[in-house]
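Scroll down for the structure; my scribbles are underneath it.
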Amino acid sequence: RINKPMVLLMTLNERLPFFALAIVALAYTTLGREVTLILTFTFVIWQSLGAGLTNPAWISMTSKVIPDRLHGMFYGFRGSASNLLSGGGALIAGLILASGTSAENFALCFLLAGICTMFSFGFMALTREVDSPVGNQVTRSRSEFWRGLKRILRRDTNFRNFVFGRML
C-alpha cells in the first residue's frame with residue numbers, strides 16, 4: 001500500500017488556504033470587516049482540517065521511509081526545526097508588518113507562508129515510498145470498527161490522552 005498519493009492530495013488542503021488568505025487580505029477594503037472575518041476563519045479551519053486529514057497517511061508514509069531506529073531522532077529534529085523555523089517566520093512577519101499594517105503587508109505574509117509550504121510540498125513529492133503489502137485485514141462493519149475504537153479509548157488511558165492531545 002502506498003500512502004504518498006493520498007498525502008500529496010490531502011496536504012494541498014494545508015497549503016492552498018494560505019494563498020486564499022492572501023487574496024482575502026488584499027480584498028479587505030472591498031469585502032468589509034465581517035465578510036473578511038468569516039472568510040479568514042473559513043480558510044484557517046480548512047487549513048487545520050487539511051493538516052488533520054493528512055496526518056494519518058503522512059505518519060504511515062514516514063514510518064516506512066524512516067528506519068525504525070531513527071523515528072525518535074526524526075520526530076525530535078522535525079519538532080525542533082519546526083519551532084525554529086516558526087520563530088524565524090514570526091520574526092520576518094513582524095518585520096514586514098512593522099513597516100506598516102496595510103492589507104498588502106498581511107497579504108505578503110500569507111503569500112510567503114504559502115510559498116514556503118509549497119516548497120516543503122516539493123520535497124515531499126520527491127519522497128520515495130516503497131510499496132508495502134496490505135496485511136491480513138479483518139473485514140468488519142463500520143459499527144464494529146467504532147465499537148472497537150470506543151473499547152480501546154476506554155481501556156488505554158495513555159492512548160486516549162494522546163488522541164485528545166492531538167485533537168487539541
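Letters A, B, ... go to the chains of the C-alpha cells in the order shown; residues in each chain start at 1; ligands are counted from 1 in the same order.
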
Need the shell around region 64-77 of chain A: protein/DNA/RNA residues with any atom at most 8 Å away, counting only C-alpha atoms. Skip same-chain ones fewer than 3 positions apart. Format as number ranges by chain?
A: 60-61, 80-81, 128-130

With only C-alpha atoms as the counted atoms, please give the residues lying no more than 12 Å from region 94-102 of chain A, apart from itself and same-chain residues fewer than 4 positions off, as a ChimeraX atom specification.
/A:25-29,87-90,106-110,112

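Comparing the minimum interatomic distances between Arg15 (chain A) and each of A:Met118, A:Leu168, A:Leu53, A:Ala93, counting only C-alpha atoms, we find that A:Met118 sits nearest.
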
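Every protein or nucleic acid residue with an atom no more than 12 Å from Pro17 (chain A), counting only C-alpha atoms and leaving out same-chain residues fewer than 4 positions away, appears here: A:Thr11, A:Leu12, A:Asn13, A:Leu21, A:Ala22, A:Ile23, A:Val24, A:Leu39, A:Thr40, A:Phe41, A:Thr42, A:Phe43, A:Val44, A:Ile45, A:Trp46, A:Gln47, A:Ser48, A:Leu49, A:Gly50, A:Ala51, A:Phe110, A:Leu111, A:Ala113, A:Gly114, A:Ile115, A:Thr117, A:Met118.
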
Return as a compact mmCIF listing (two decimals) with N, CA, C and O atoms, in the first residue's frame the full set of residues in chain A whose backbone-based DSSP assignment is alpha helix (DSSP H).
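After the write, states.txt holds the following:
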# COMPACT_ATOMS: atom_id res chain seq x y z
N LYS A 4 1.80 7.90 -0.33
CA LYS A 4 2.25 9.17 -0.88
C LYS A 4 1.20 9.89 -1.72
O LYS A 4 1.01 11.10 -1.52
N PRO A 5 0.47 9.22 -2.63
CA PRO A 5 -0.54 9.96 -3.40
C PRO A 5 -1.60 10.61 -2.50
O PRO A 5 -1.99 11.76 -2.73
N MET A 6 -2.02 9.89 -1.46
CA MET A 6 -3.01 10.46 -0.54
C MET A 6 -2.41 11.63 0.23
O MET A 6 -3.06 12.66 0.42
N VAL A 7 -1.17 11.48 0.67
CA VAL A 7 -0.51 12.55 1.41
C VAL A 7 -0.41 13.80 0.53
O VAL A 7 -0.74 14.90 0.97
N LEU A 8 0.02 13.64 -0.70
CA LEU A 8 0.17 14.79 -1.59
C LEU A 8 -1.17 15.46 -1.88
O LEU A 8 -1.25 16.70 -1.92
N LEU A 9 -2.19 14.67 -2.08
CA LEU A 9 -3.51 15.24 -2.35
C LEU A 9 -4.06 15.96 -1.12
O LEU A 9 -4.50 17.12 -1.21
N MET A 10 -4.02 15.30 0.02
CA MET A 10 -4.62 15.87 1.23
C MET A 10 -3.83 17.07 1.76
O MET A 10 -4.41 18.01 2.29
N THR A 11 -2.52 17.04 1.58
CA THR A 11 -1.72 18.13 2.13
C THR A 11 -1.90 19.44 1.37
O THR A 11 -1.57 20.51 1.88
N LEU A 12 -2.46 19.36 0.17
CA LEU A 12 -2.79 20.61 -0.53
C LEU A 12 -3.82 21.41 0.27
O LEU A 12 -3.83 22.64 0.22
N ASN A 13 -4.65 20.71 1.04
CA ASN A 13 -5.63 21.39 1.89
C ASN A 13 -4.96 22.12 3.06
O ASN A 13 -5.59 22.97 3.69
N GLU A 14 -3.72 21.79 3.35
CA GLU A 14 -2.95 22.52 4.35
C GLU A 14 -2.30 23.76 3.74
O GLU A 14 -2.04 24.73 4.44
N ARG A 15 -2.03 23.71 2.46
CA ARG A 15 -1.20 24.73 1.84
C ARG A 15 -2.00 25.80 1.07
O ARG A 15 -1.69 26.98 1.15
N LEU A 16 -2.99 25.39 0.33
CA LEU A 16 -3.74 26.33 -0.51
C LEU A 16 -4.46 27.43 0.27
O LEU A 16 -4.56 28.56 -0.23
N PRO A 17 -4.94 27.17 1.49
CA PRO A 17 -5.61 28.25 2.21
C PRO A 17 -4.73 29.49 2.45
O PRO A 17 -5.27 30.60 2.57
N PHE A 18 -3.41 29.33 2.51
CA PHE A 18 -2.56 30.50 2.70
C PHE A 18 -2.68 31.46 1.52
O PHE A 18 -2.68 32.68 1.69
N PHE A 19 -2.78 30.91 0.31
CA PHE A 19 -2.94 31.76 -0.87
C PHE A 19 -4.32 32.44 -0.86
O PHE A 19 -4.45 33.60 -1.24
N ALA A 20 -5.33 31.70 -0.42
CA ALA A 20 -6.68 32.27 -0.30
C ALA A 20 -6.68 33.40 0.74
O ALA A 20 -7.33 34.44 0.53
N LEU A 21 -5.96 33.21 1.84
CA LEU A 21 -5.88 34.25 2.86
C LEU A 21 -5.18 35.51 2.33
O LEU A 21 -5.55 36.63 2.70
N ALA A 22 -4.20 35.33 1.45
CA ALA A 22 -3.54 36.48 0.84
C ALA A 22 -4.53 37.27 -0.01
O ALA A 22 -4.56 38.51 0.04
N ILE A 23 -5.37 36.56 -0.75
CA ILE A 23 -6.38 37.23 -1.58
C ILE A 23 -7.40 37.95 -0.70
O ILE A 23 -7.78 39.09 -0.98
N VAL A 24 -7.82 37.30 0.37
CA VAL A 24 -8.78 37.92 1.29
C VAL A 24 -8.17 39.19 1.89
O VAL A 24 -8.86 40.22 1.99
N ALA A 25 -6.90 39.14 2.27
CA ALA A 25 -6.25 40.33 2.84
C ALA A 25 -6.24 41.47 1.83
O ALA A 25 -6.51 42.62 2.19
N LEU A 26 -5.94 41.15 0.58
CA LEU A 26 -5.92 42.19 -0.46
C LEU A 26 -7.32 42.76 -0.73
O LEU A 26 -7.46 43.93 -1.07
N TYR A 28 -9.71 43.09 1.46
CA TYR A 28 -10.32 43.53 2.72
C TYR A 28 -11.20 44.77 2.55
O TYR A 28 -12.33 44.82 3.03
N THR A 29 -10.71 45.78 1.86
CA THR A 29 -11.47 47.03 1.73
C THR A 29 -12.73 46.83 0.92
O THR A 29 -13.74 47.48 1.17
N THR A 30 -12.71 45.91 -0.02
CA THR A 30 -13.89 45.62 -0.83
C THR A 30 -14.86 44.72 -0.08
O THR A 30 -16.08 44.92 -0.13
N LEU A 31 -14.33 43.72 0.62
CA LEU A 31 -15.17 42.74 1.30
C LEU A 31 -15.81 43.27 2.58
O LEU A 31 -16.90 42.84 2.94
N ARG A 33 -15.28 44.23 6.90
CA ARG A 33 -14.76 43.56 8.08
C ARG A 33 -15.43 42.21 8.34
O ARG A 33 -14.77 41.21 8.62
N GLU A 34 -16.77 42.14 8.30
CA GLU A 34 -17.49 40.92 8.65
C GLU A 34 -17.19 39.78 7.67
O GLU A 34 -16.90 38.66 8.07
N VAL A 35 -17.27 40.07 6.38
CA VAL A 35 -17.01 39.04 5.36
C VAL A 35 -15.55 38.58 5.44
O VAL A 35 -15.27 37.38 5.34
N THR A 36 -14.64 39.52 5.64
CA THR A 36 -13.22 39.17 5.76
C THR A 36 -13.01 38.25 6.95
O THR A 36 -12.28 37.25 6.85
N LEU A 37 -13.66 38.54 8.07
CA LEU A 37 -13.52 37.70 9.26
C LEU A 37 -14.07 36.30 9.02
O LEU A 37 -13.43 35.30 9.36
N ILE A 38 -15.23 36.21 8.39
CA ILE A 38 -15.83 34.90 8.10
C ILE A 38 -14.92 34.10 7.15
O ILE A 38 -14.66 32.91 7.38
N LEU A 39 -14.44 34.75 6.10
CA LEU A 39 -13.55 34.06 5.16
C LEU A 39 -12.24 33.64 5.82
O LEU A 39 -11.73 32.54 5.58
N THR A 40 -11.71 34.50 6.68
CA THR A 40 -10.46 34.17 7.37
C THR A 40 -10.65 32.93 8.23
O THR A 40 -9.84 31.99 8.16
N PHE A 41 -11.71 32.90 9.03
CA PHE A 41 -11.96 31.72 9.85
C PHE A 41 -12.21 30.48 8.99
O PHE A 41 -11.74 29.39 9.32
N THR A 42 -12.91 30.65 7.89
CA THR A 42 -13.17 29.52 6.98
C THR A 42 -11.87 28.94 6.45
O THR A 42 -11.67 27.71 6.47
N PHE A 43 -10.96 29.80 6.02
CA PHE A 43 -9.70 29.30 5.46
C PHE A 43 -8.76 28.74 6.53
O PHE A 43 -8.03 27.79 6.28
N VAL A 44 -8.80 29.31 7.73
CA VAL A 44 -7.98 28.76 8.83
C VAL A 44 -8.52 27.38 9.22
O VAL A 44 -7.74 26.45 9.46
N ILE A 45 -9.83 27.24 9.27
CA ILE A 45 -10.43 25.92 9.57
C ILE A 45 -10.09 24.93 8.47
O ILE A 45 -9.73 23.78 8.74
N TRP A 46 -10.16 25.35 7.21
CA TRP A 46 -9.81 24.48 6.07
C TRP A 46 -8.36 24.03 6.22
O TRP A 46 -8.04 22.85 6.06
N GLN A 47 -7.46 24.95 6.56
CA GLN A 47 -6.05 24.61 6.71
C GLN A 47 -5.86 23.62 7.85
O GLN A 47 -5.13 22.64 7.71
N SER A 48 -6.53 23.84 8.95
CA SER A 48 -6.40 22.94 10.11
C SER A 48 -6.95 21.56 9.81
O SER A 48 -6.35 20.54 10.18
N LEU A 49 -8.11 21.51 9.16
CA LEU A 49 -8.68 20.21 8.78
C LEU A 49 -7.77 19.49 7.79
O LEU A 49 -7.59 18.27 7.87
N GLY A 50 -7.19 20.24 6.87
CA GLY A 50 -6.25 19.64 5.91
C GLY A 50 -5.08 18.98 6.62
O GLY A 50 -4.66 17.88 6.28
N ALA A 51 -4.56 19.66 7.65
CA ALA A 51 -3.45 19.09 8.42
C ALA A 51 -3.88 17.82 9.13
O ALA A 51 -3.17 16.82 9.13
N GLY A 52 -5.05 17.86 9.73
CA GLY A 52 -5.53 16.69 10.46
C GLY A 52 -5.84 15.51 9.55
O GLY A 52 -5.56 14.36 9.89
N LEU A 53 -6.41 15.79 8.38
CA LEU A 53 -6.75 14.71 7.45
C LEU A 53 -5.50 14.11 6.80
O LEU A 53 -5.49 12.94 6.45
N THR A 54 -4.47 14.91 6.67
CA THR A 54 -3.22 14.43 6.08
C THR A 54 -2.44 13.56 7.05
O THR A 54 -1.75 12.61 6.65
N ASN A 55 -2.54 13.86 8.33
CA ASN A 55 -1.66 13.27 9.34
C ASN A 55 -1.62 11.74 9.35
O ASN A 55 -0.52 11.18 9.38
N PRO A 56 -2.73 11.01 9.34
CA PRO A 56 -2.61 9.54 9.41
C PRO A 56 -1.80 8.95 8.25
O PRO A 56 -0.93 8.11 8.46
N ALA A 57 -2.09 9.40 7.03
CA ALA A 57 -1.35 8.87 5.87
C ALA A 57 0.11 9.32 5.92
O ALA A 57 1.01 8.56 5.55
N TRP A 58 0.37 10.55 6.38
CA TRP A 58 1.73 11.05 6.47
C TRP A 58 2.54 10.24 7.49
O TRP A 58 3.68 9.87 7.22
N ILE A 59 1.95 9.96 8.64
CA ILE A 59 2.65 9.16 9.66
C ILE A 59 2.92 7.76 9.12
O ILE A 59 4.00 7.21 9.32
N SER A 60 1.95 7.19 8.43
CA SER A 60 2.15 5.86 7.86
C SER A 60 3.28 5.88 6.82
O SER A 60 4.13 4.98 6.80
N MET A 61 3.31 6.91 5.99
CA MET A 61 4.35 7.02 4.97
C MET A 61 5.72 7.20 5.62
O MET A 61 6.68 6.52 5.26
N THR A 62 5.82 8.12 6.58
CA THR A 62 7.13 8.35 7.20
C THR A 62 7.59 7.14 8.00
O THR A 62 8.80 6.90 8.09
N SER A 63 6.66 6.36 8.54
CA SER A 63 7.09 5.17 9.28
C SER A 63 7.73 4.14 8.35
O SER A 63 8.53 3.32 8.79
N LYS A 64 7.39 4.18 7.06
CA LYS A 64 8.02 3.28 6.09
C LYS A 64 9.31 3.86 5.52
O LYS A 64 10.23 3.12 5.20
N VAL A 65 9.39 5.18 5.43
CA VAL A 65 10.54 5.83 4.81
C VAL A 65 11.70 5.98 5.80
O VAL A 65 12.86 5.83 5.41
N HIS A 71 13.28 6.84 14.16
CA HIS A 71 11.99 7.53 14.31
C HIS A 71 12.07 8.64 15.35
O HIS A 71 11.61 9.76 15.11
N GLY A 72 12.61 8.33 16.53
CA GLY A 72 12.70 9.33 17.59
C GLY A 72 13.53 10.53 17.17
O GLY A 72 13.14 11.68 17.40
N MET A 73 14.67 10.27 16.53
CA MET A 73 15.52 11.35 16.07
C MET A 73 14.80 12.18 15.00
O MET A 73 14.86 13.42 15.02
N PHE A 74 14.10 11.51 14.08
CA PHE A 74 13.38 12.21 13.03
C PHE A 74 12.33 13.14 13.62
O PHE A 74 12.27 14.33 13.28
N TYR A 75 11.48 12.61 14.50
CA TYR A 75 10.41 13.44 15.07
C TYR A 75 10.96 14.53 15.99
O TYR A 75 10.41 15.64 16.04
N GLY A 76 12.04 14.24 16.70
CA GLY A 76 12.67 15.27 17.52
C GLY A 76 13.26 16.38 16.67
O GLY A 76 13.06 17.57 16.95
N PHE A 77 13.98 16.02 15.61
CA PHE A 77 14.56 17.01 14.71
C PHE A 77 13.46 17.80 14.03
O PHE A 77 13.55 19.02 13.90
N ARG A 78 12.41 17.10 13.59
CA ARG A 78 11.28 17.75 12.92
C ARG A 78 10.64 18.79 13.84
O ARG A 78 10.36 19.92 13.43
N GLY A 79 10.42 18.41 15.10
CA GLY A 79 9.82 19.34 16.05
C GLY A 79 10.72 20.54 16.31
O GLY A 79 10.26 21.69 16.35
N SER A 80 12.00 20.29 16.49
CA SER A 80 12.95 21.37 16.74
C SER A 80 13.05 22.30 15.54
O SER A 80 13.01 23.53 15.68
N ALA A 81 13.20 21.73 14.36
CA ALA A 81 13.29 22.54 13.14
C ALA A 81 12.02 23.34 12.92
O ALA A 81 12.06 24.52 12.54
N SER A 82 10.89 22.70 13.18
CA SER A 82 9.60 23.38 13.02
C SER A 82 9.49 24.59 13.94
O SER A 82 9.09 25.68 13.51
N ASN A 83 9.88 24.41 15.19
CA ASN A 83 9.81 25.54 16.14
C ASN A 83 10.80 26.63 15.77
O ASN A 83 10.47 27.82 15.87
N LEU A 84 11.99 26.25 15.35
CA LEU A 84 13.00 27.23 14.96
C LEU A 84 12.53 28.02 13.73
O LEU A 84 12.60 29.25 13.71
N LEU A 85 12.03 27.31 12.73
CA LEU A 85 11.56 27.99 11.52
C LEU A 85 10.30 28.82 11.79
O LEU A 85 10.13 29.89 11.19
N SER A 86 9.44 28.35 12.69
CA SER A 86 8.27 29.14 13.05
C SER A 86 8.67 30.45 13.71
O SER A 86 8.09 31.50 13.43
N GLY A 87 9.68 30.37 14.58
CA GLY A 87 10.19 31.59 15.21
C GLY A 87 10.78 32.54 14.18
O GLY A 87 10.54 33.76 14.23
N GLY A 88 11.53 31.99 13.24
CA GLY A 88 12.09 32.81 12.17
C GLY A 88 11.00 33.43 11.30
O GLY A 88 11.08 34.60 10.93
N GLY A 89 9.97 32.64 11.02
CA GLY A 89 8.84 33.15 10.24
C GLY A 89 8.12 34.26 10.96
O GLY A 89 7.70 35.26 10.36
N ALA A 90 7.95 34.10 12.28
CA ALA A 90 7.30 35.15 13.07
C ALA A 90 8.14 36.43 13.07
O ALA A 90 7.59 37.54 13.00
N LEU A 91 9.45 36.27 13.13
CA LEU A 91 10.34 37.43 13.09
C LEU A 91 10.21 38.16 11.75
O LEU A 91 10.08 39.39 11.71
N ILE A 92 10.22 37.41 10.66
CA ILE A 92 10.08 38.01 9.33
C ILE A 92 8.71 38.68 9.19
O ILE A 92 8.60 39.80 8.69
N ALA A 93 7.65 38.00 9.66
CA ALA A 93 6.30 38.59 9.59
C ALA A 93 6.26 39.87 10.41
O ALA A 93 5.65 40.87 9.97
N GLY A 94 6.91 39.86 11.57
CA GLY A 94 6.95 41.07 12.39
C GLY A 94 7.62 42.23 11.67
O GLY A 94 7.16 43.37 11.74
N LEU A 95 8.72 41.93 10.98
CA LEU A 95 9.42 42.98 10.23
C LEU A 95 8.56 43.51 9.08
O LEU A 95 8.53 44.73 8.84
N ILE A 96 7.87 42.61 8.41
CA ILE A 96 7.00 43.03 7.30
C ILE A 96 5.87 43.90 7.83
O ILE A 96 5.57 44.97 7.28
N LEU A 97 5.24 43.45 8.92
CA LEU A 97 4.11 44.20 9.46
C LEU A 97 4.54 45.49 10.15
O LEU A 97 3.77 46.45 10.21
N ALA A 98 5.78 45.54 10.64
CA ALA A 98 6.28 46.76 11.29
C ALA A 98 6.45 47.89 10.29
O ALA A 98 6.41 49.07 10.66
N ALA A 103 -3.11 46.16 4.19
CA ALA A 103 -3.59 44.86 3.70
C ALA A 103 -2.52 44.18 2.85
O ALA A 103 -2.39 42.95 2.88
N GLU A 104 -1.74 44.95 2.12
CA GLU A 104 -0.70 44.37 1.28
C GLU A 104 0.36 43.66 2.12
O GLU A 104 0.88 42.62 1.72
N ASN A 105 0.69 44.20 3.28
CA ASN A 105 1.68 43.56 4.14
C ASN A 105 1.17 42.23 4.70
O ASN A 105 1.91 41.26 4.78
N PHE A 106 -0.11 42.21 5.10
CA PHE A 106 -0.70 40.95 5.56
C PHE A 106 -0.75 39.95 4.41
O PHE A 106 -0.43 38.76 4.58
N ALA A 107 -1.12 40.42 3.23
CA ALA A 107 -1.17 39.54 2.06
C ALA A 107 0.21 38.97 1.76
O ALA A 107 0.34 37.79 1.43
N LEU A 108 1.24 39.79 1.90
CA LEU A 108 2.61 39.32 1.66
C LEU A 108 2.98 38.23 2.65
O LEU A 108 3.59 37.22 2.28
N CYS A 109 2.61 38.40 3.92
CA CYS A 109 2.88 37.36 4.93
C CYS A 109 2.21 36.04 4.55
O CYS A 109 2.83 34.98 4.61
N PHE A 110 0.94 36.10 4.17
CA PHE A 110 0.23 34.87 3.78
C PHE A 110 0.82 34.27 2.50
O PHE A 110 0.94 33.06 2.39
N LEU A 111 1.19 35.13 1.56
CA LEU A 111 1.80 34.64 0.32
C LEU A 111 3.12 33.93 0.61
O LEU A 111 3.38 32.84 0.07
N LEU A 112 3.95 34.52 1.46
CA LEU A 112 5.22 33.88 1.82
C LEU A 112 4.98 32.55 2.54
O LEU A 112 5.71 31.58 2.30
N ALA A 113 3.98 32.49 3.40
CA ALA A 113 3.65 31.23 4.08
C ALA A 113 3.24 30.18 3.06
O ALA A 113 3.66 29.02 3.13
N GLY A 114 2.43 30.58 2.09
CA GLY A 114 2.01 29.64 1.04
C GLY A 114 3.17 29.15 0.21
O GLY A 114 3.29 27.95 -0.08
N ILE A 115 4.08 30.05 -0.13
CA ILE A 115 5.25 29.66 -0.93
C ILE A 115 6.13 28.69 -0.13
O ILE A 115 6.60 27.68 -0.66
N CYS A 116 6.35 29.00 1.13
CA CYS A 116 7.19 28.11 1.96
C CYS A 116 6.57 26.73 2.11
O CYS A 116 7.28 25.72 2.04
N THR A 117 5.26 26.67 2.30
CA THR A 117 4.63 25.36 2.44
C THR A 117 4.63 24.60 1.12
O THR A 117 4.74 23.38 1.12
N MET A 118 4.56 25.30 0.01
CA MET A 118 4.65 24.61 -1.28
C MET A 118 6.07 24.12 -1.53
O MET A 118 6.27 23.09 -2.18
N PHE A 119 7.05 24.82 -0.99
CA PHE A 119 8.43 24.38 -1.08
C PHE A 119 8.57 23.02 -0.37
O PHE A 119 9.17 22.09 -0.90
N SER A 120 7.98 22.91 0.81
CA SER A 120 8.03 21.63 1.53
C SER A 120 7.23 20.57 0.79
O SER A 120 7.58 19.39 0.82
N PHE A 121 6.17 20.97 0.12
CA PHE A 121 5.39 20.04 -0.70
C PHE A 121 6.28 19.43 -1.79
O PHE A 121 6.20 18.23 -2.08
N GLY A 122 7.14 20.24 -2.37
CA GLY A 122 8.06 19.76 -3.40
C GLY A 122 8.98 18.67 -2.86
O GLY A 122 9.20 17.65 -3.51
N PHE A 123 9.51 18.88 -1.66
CA PHE A 123 10.36 17.85 -1.05
C PHE A 123 9.56 16.58 -0.75
O PHE A 123 10.05 15.48 -0.94
N MET A 124 8.33 16.76 -0.30
CA MET A 124 7.50 15.60 -0.02
C MET A 124 7.22 14.81 -1.31
O MET A 124 7.19 13.59 -1.31
N ALA A 125 7.05 15.54 -2.40
CA ALA A 125 6.80 14.88 -3.69
C ALA A 125 8.00 14.05 -4.14
O ALA A 125 7.85 13.09 -4.89
N ARG A 142 -18.73 -0.92 9.80
CA ARG A 142 -18.40 0.37 10.37
C ARG A 142 -18.76 0.42 11.86
O ARG A 142 -18.00 0.94 12.67
N SER A 143 -19.90 -0.12 12.19
CA SER A 143 -20.32 -0.09 13.59
C SER A 143 -19.38 -0.93 14.46
O SER A 143 -19.07 -0.54 15.59
N GLU A 144 -18.88 -2.05 13.93
CA GLU A 144 -17.91 -2.87 14.68
C GLU A 144 -16.62 -2.09 14.89
O GLU A 144 -16.01 -2.14 15.97
N PHE A 145 -16.20 -1.36 13.87
CA PHE A 145 -14.99 -0.54 13.97
C PHE A 145 -15.13 0.48 15.09
O PHE A 145 -14.26 0.62 15.94
N TRP A 146 -16.25 1.23 15.09
CA TRP A 146 -16.45 2.28 16.09
C TRP A 146 -16.58 1.69 17.49
O TRP A 146 -16.09 2.28 18.46
N ARG A 147 -17.25 0.54 17.63
CA ARG A 147 -17.35 -0.11 18.94
C ARG A 147 -15.95 -0.50 19.44
O ARG A 147 -15.62 -0.31 20.61
N GLY A 148 -15.14 -1.07 18.54
CA GLY A 148 -13.78 -1.45 18.91
C GLY A 148 -12.95 -0.24 19.30
O GLY A 148 -12.17 -0.29 20.26
N LEU A 149 -13.11 0.86 18.58
CA LEU A 149 -12.38 2.08 18.89
C LEU A 149 -12.79 2.61 20.26
O LEU A 149 -11.93 3.00 21.06
N LYS A 150 -14.07 2.59 20.54
CA LYS A 150 -14.54 3.03 21.87
C LYS A 150 -13.93 2.17 22.98
O LYS A 150 -13.51 2.68 24.02
N ARG A 151 -13.86 0.85 22.74
CA ARG A 151 -13.26 -0.05 23.72
C ARG A 151 -11.80 0.31 23.97
O ARG A 151 -11.34 0.37 25.12
N ILE A 152 -11.05 0.55 22.90
CA ILE A 152 -9.64 0.90 23.03
C ILE A 152 -9.48 2.21 23.79
O ILE A 152 -8.66 2.33 24.70
N LEU A 153 -10.29 3.22 23.45
CA LEU A 153 -10.18 4.52 24.11
C LEU A 153 -10.56 4.44 25.59
O LEU A 153 -10.01 5.16 26.41
N ARG A 154 -11.52 3.59 25.92
CA ARG A 154 -11.91 3.40 27.32
C ARG A 154 -10.80 2.70 28.11
O ARG A 154 -10.52 3.04 29.25
N ARG A 155 -10.18 1.71 27.50
CA ARG A 155 -9.22 0.85 28.18
C ARG A 155 -7.82 1.46 28.26
O ARG A 155 -7.12 1.30 29.25
N THR A 157 -5.65 4.46 28.67
CA THR A 157 -5.63 5.85 29.11
C THR A 157 -4.56 6.66 28.37
O THR A 157 -4.82 7.79 27.94
N ASN A 158 -3.37 6.10 28.22
CA ASN A 158 -2.29 6.83 27.54
C ASN A 158 -2.65 7.13 26.09
O ASN A 158 -2.43 8.24 25.60
N PHE A 159 -3.23 6.15 25.39
CA PHE A 159 -3.61 6.37 24.00
C PHE A 159 -4.73 7.40 23.93
O PHE A 159 -4.73 8.27 23.06
N ARG A 160 -5.70 7.30 24.84
CA ARG A 160 -6.82 8.26 24.86
C ARG A 160 -6.29 9.67 25.07
O ARG A 160 -6.69 10.61 24.39
N ASN A 161 -5.34 9.84 26.00
CA ASN A 161 -4.75 11.16 26.24
C ASN A 161 -3.98 11.66 25.02
O ASN A 161 -4.01 12.84 24.69
N PHE A 162 -3.28 10.73 24.35
CA PHE A 162 -2.54 11.09 23.13
C PHE A 162 -3.51 11.60 22.05
O PHE A 162 -3.29 12.63 21.45
N VAL A 163 -4.60 10.86 21.84
CA VAL A 163 -5.58 11.25 20.83
C VAL A 163 -6.20 12.60 21.19
O VAL A 163 -6.33 13.49 20.33
N PHE A 164 -6.55 12.78 22.45
CA PHE A 164 -7.13 14.04 22.89
C PHE A 164 -6.14 15.18 22.69
O PHE A 164 -6.50 16.25 22.20
N GLY A 165 -4.89 14.95 23.06
CA GLY A 165 -3.85 15.97 22.87
C GLY A 165 -3.66 16.32 21.41
O GLY A 165 -3.49 17.49 21.07
N ARG A 166 -3.67 15.33 20.55
CA ARG A 166 -3.53 15.59 19.11
C ARG A 166 -4.70 16.39 18.57
O ARG A 166 -4.54 17.24 17.71
N MET A 167 -5.90 16.08 19.09
CA MET A 167 -7.08 16.82 18.64
C MET A 167 -6.98 18.30 19.04
O MET A 167 -7.38 19.17 18.29
